[in-house]
$ cat input.cif   # mmCIF, C-alpha atoms, pLDDT in the B column; chains and numbers go by the auth columns
data_data
#
loop_
_atom_site.group_PDB
_atom_site.id
_atom_site.type_symbol
_atom_site.label_atom_id
_atom_site.label_comp_id
_atom_site.label_asym_id
_atom_site.label_seq_id
_atom_site.Cartn_x
_atom_site.Cartn_y
_atom_site.Cartn_z
_atom_site.B_iso_or_equiv
_atom_site.auth_seq_id
_atom_site.auth_asym_id
ATOM 1 C CA MET A 1 -4.668 22.786 -12.003 50.00 1 A
ATOM 2 C CA ASP A 2 -1.187 23.852 -13.129 66.00 2 A
ATOM 3 C CA ALA A 3 0.981 24.618 -10.134 75.00 3 A
ATOM 4 C CA LYS A 4 4.620 24.639 -9.172 85.00 4 A
ATOM 5 C CA LEU A 5 5.646 21.848 -6.856 89.00 5 A
ATOM 6 C CA GLY A 6 6.860 22.733 -3.375 93.00 6 A
ATOM 7 C CA PHE A 7 8.963 20.350 -1.294 95.00 7 A
ATOM 8 C CA GLU A 8 9.257 20.442 2.496 97.00 8 A
ATOM 9 C CA TYR A 9 11.054 17.973 4.718 97.00 9 A
ATOM 10 C CA ASP A 10 10.197 17.429 8.381 97.00 10 A
ATOM 11 C CA ARG A 11 13.362 15.943 9.894 96.00 11 A
ATOM 12 C CA GLU A 12 11.779 15.156 13.225 97.00 12 A
ATOM 13 C CA GLY A 13 8.867 13.247 11.685 97.00 13 A
ATOM 14 C CA ASP A 14 10.945 12.007 8.699 97.00 14 A
ATOM 15 C CA ILE A 15 8.200 13.105 6.305 98.00 15 A
ATOM 16 C CA LEU A 16 8.642 14.597 2.833 97.00 16 A
ATOM 17 C CA TYR A 17 5.775 16.841 1.760 97.00 17 A
ATOM 18 C CA ILE A 18 5.220 17.483 -1.950 95.00 18 A
ATOM 19 C CA ASN A 19 2.673 20.248 -2.453 96.00 19 A
ATOM 20 C CA LYS A 20 0.872 21.728 -5.427 94.00 20 A
ATOM 21 C CA ARG A 21 -1.006 23.979 -2.978 94.00 21 A
ATOM 22 C CA GLN A 22 -1.274 24.483 0.756 94.00 22 A
ATOM 23 C CA PRO A 23 -3.209 21.666 2.452 94.00 23 A
ATOM 24 C CA TYR A 24 -6.729 22.507 3.642 96.00 24 A
ATOM 25 C CA ALA A 25 -9.275 20.782 5.878 96.00 25 A
ATOM 26 C CA GLU A 26 -11.697 19.741 3.124 97.00 26 A
ATOM 27 C CA GLN A 27 -9.149 17.585 1.299 97.00 27 A
ATOM 28 C CA GLU A 28 -9.681 13.839 1.402 97.00 28 A
ATOM 29 C CA SER A 29 -6.765 11.595 2.379 97.00 29 A
ATOM 30 C CA GLU A 30 -5.946 8.227 0.887 96.00 30 A
ATOM 31 C CA GLU A 31 -2.991 5.927 1.519 96.00 31 A
ATOM 32 C CA ILE A 32 -1.932 5.078 -2.041 94.00 32 A
ATOM 33 C CA ASP A 33 1.028 2.924 -0.993 91.00 33 A
ATOM 34 C CA TYR A 34 2.503 1.927 2.354 91.00 34 A
ATOM 35 C CA GLY A 35 3.377 5.211 4.067 93.00 35 A
ATOM 36 C CA VAL A 36 2.442 7.391 1.069 95.00 36 A
ATOM 37 C CA ILE A 37 -0.568 9.609 1.754 97.00 37 A
ATOM 38 C CA ALA A 38 -2.279 11.513 -1.050 96.00 38 A
ATOM 39 C CA ARG A 39 -4.405 14.537 -0.167 97.00 39 A
ATOM 40 C CA LEU A 40 -7.096 14.854 -2.808 97.00 40 A
ATOM 41 C CA ASN A 41 -9.262 17.691 -4.048 96.00 41 A
ATOM 42 C CA PRO A 42 -12.757 16.812 -2.755 97.00 42 A
ATOM 43 C CA ASP A 43 -14.451 17.867 -6.017 96.00 43 A
ATOM 44 C CA THR A 44 -12.085 16.548 -8.692 95.00 44 A
ATOM 45 C CA GLY A 45 -10.190 13.767 -6.912 94.00 45 A
ATOM 46 C CA GLU A 46 -6.941 15.336 -8.170 94.00 46 A
ATOM 47 C CA ILE A 47 -3.843 14.792 -6.018 95.00 47 A
ATOM 48 C CA GLU A 48 -2.861 18.149 -4.511 95.00 48 A
ATOM 49 C CA ASN A 49 -0.371 17.022 -1.859 97.00 49 A
ATOM 50 C CA LEU A 50 1.695 13.958 -1.072 96.00 50 A
ATOM 51 C CA GLU A 51 3.118 12.976 2.296 97.00 51 A
ATOM 52 C CA ILE A 52 5.892 10.387 2.180 96.00 52 A
ATOM 53 C CA LEU A 53 6.439 8.877 5.604 96.00 53 A
ATOM 54 C CA PHE A 54 9.801 7.370 6.679 94.00 54 A
ATOM 55 C CA PHE A 55 11.435 9.255 3.791 94.00 55 A
ATOM 56 C CA SER A 56 15.115 9.063 4.785 93.00 56 A
ATOM 57 C CA LYS A 57 14.733 5.411 5.765 91.00 57 A
ATOM 58 C CA ARG A 58 13.217 4.631 2.355 88.00 58 A
ATOM 59 C CA LEU A 59 16.109 6.340 0.575 87.00 59 A
ATOM 60 C CA SER A 60 18.759 4.589 2.637 89.00 60 A
ATOM 61 C CA GLU A 61 17.259 1.125 2.053 85.00 61 A
ATOM 62 C CA LYS A 62 16.698 1.316 -1.712 74.00 62 A
ATOM 63 C CA THR A 63 18.539 2.579 -4.748 73.00 63 A
ATOM 64 C CA LEU A 64 15.227 3.334 -6.474 80.00 64 A
ATOM 65 C CA PHE A 65 12.201 4.893 -4.825 80.00 65 A
ATOM 66 C CA GLU A 66 9.021 4.989 -6.910 84.00 66 A
ATOM 67 C CA LEU A 67 5.650 6.588 -6.258 86.00 67 A
ATOM 68 C CA PRO A 68 2.449 5.009 -7.590 86.00 68 A
ATOM 69 C CA ILE A 69 1.449 8.149 -9.521 87.00 69 A
ATOM 70 C CA ILE A 70 1.765 9.499 -13.049 86.00 70 A
ATOM 71 C CA ALA A 71 3.398 12.915 -13.373 82.00 71 A
ATOM 72 C CA ASP A 72 3.186 15.448 -16.190 80.00 72 A
ATOM 73 C CA PHE A 73 6.270 17.642 -15.777 78.00 73 A
ATOM 74 C CA ARG A 74 6.478 20.921 -17.675 78.00 74 A
ATOM 75 C CA LEU A 75 8.640 23.988 -17.160 80.00 75 A
ATOM 76 C CA ALA A 76 6.734 26.744 -15.377 75.00 76 A
ATOM 77 C CA THR A 77 6.875 30.134 -17.032 74.00 77 A
ATOM 78 C CA THR A 78 7.975 32.999 -14.840 67.00 78 A
ATOM 79 C CA ALA A 79 6.092 36.265 -14.786 59.00 79 A
#
$ encode --input "input.cif" --output "structure tokens"
Amino acid sequence: MDAKLGFEYDREGDILYINKRQPYAEQESEEIDYGVIARLNPDTGEIENLEILFFSKRLSEKTLFELPIIADFRLATTA
């Protein structure tokens, strides 16, 4: 699925949400690293959303923050 990435930050919960689509109840959740939750398409297993817990704390403690995923970035065409 080709989709633009959306980013939302919940200050109160200190969670960064990275979304390819809106979350939905049927998605499966898997912790892919400490405090990094992937929401997966139940049919394809594709990552559709990421939730990064303790986001600001992670950034303040490290100079490099890596996610255990492979990304294929391309420029989205505008209609």
$ resolve_selection --input "input.cif" --expression "the PyMOL selection byres ((chain A and resi 6) around 12)" --output "JSON, numbers by chain"
{"A": [3, 4, 5, 7, 8, 9, 16, 17, 18, 19, 20, 21, 22, 23, 48, 49, 50, 51]}
$ resolve_selection --input "input.cif" --expression "the PyMOL selection byres ((chain A and resi 25) around 12)" --output "PyMOL selection string"
chain A and resi 22-24+26-29+39-42
$ axis_aligned_box --input "input.cif" --around "range 59-72 of chain A" --padding-each-side "4 Å" --output "lines of an AutoDock Vina configuration file"
center_x = 10.1
center_y = 8.3
center_z = -6.8
size_x = 25.3
size_y = 22.3
size_z = 26.8
$ resolve_selection --input "input.cif" --expression "the PyMOL selection byres ((chain A and resi 73) around 12)" --output "ChimeraX atom specification"
/A:2-5,70-72,74-76
$ atom_distance --input "input.cif" --atom1 "CA of Ala38 in chain A" --atom2 "CA of Glu66 in chain A"
14.3 Å
$ atom_distance --input "input.cif" --atom1 "CA of Ser60 in chain A" --atom2 "CA of Asp33 in chain A"
18.2 Å
$ residues_near_point --input "input.cif" --point "(8.7, 10.4, 8.2)" --cutoff "10 Å" --atoms "only C-alpha atoms" --output "PyMOL selection string"
chain A and resi 9-17+35-36+51-58
$ atom_distance --input "input.cif" --atom1 "CA of Ile47 in chain A" --atom2 "CA of Ile32 in chain A"
10.7 Å
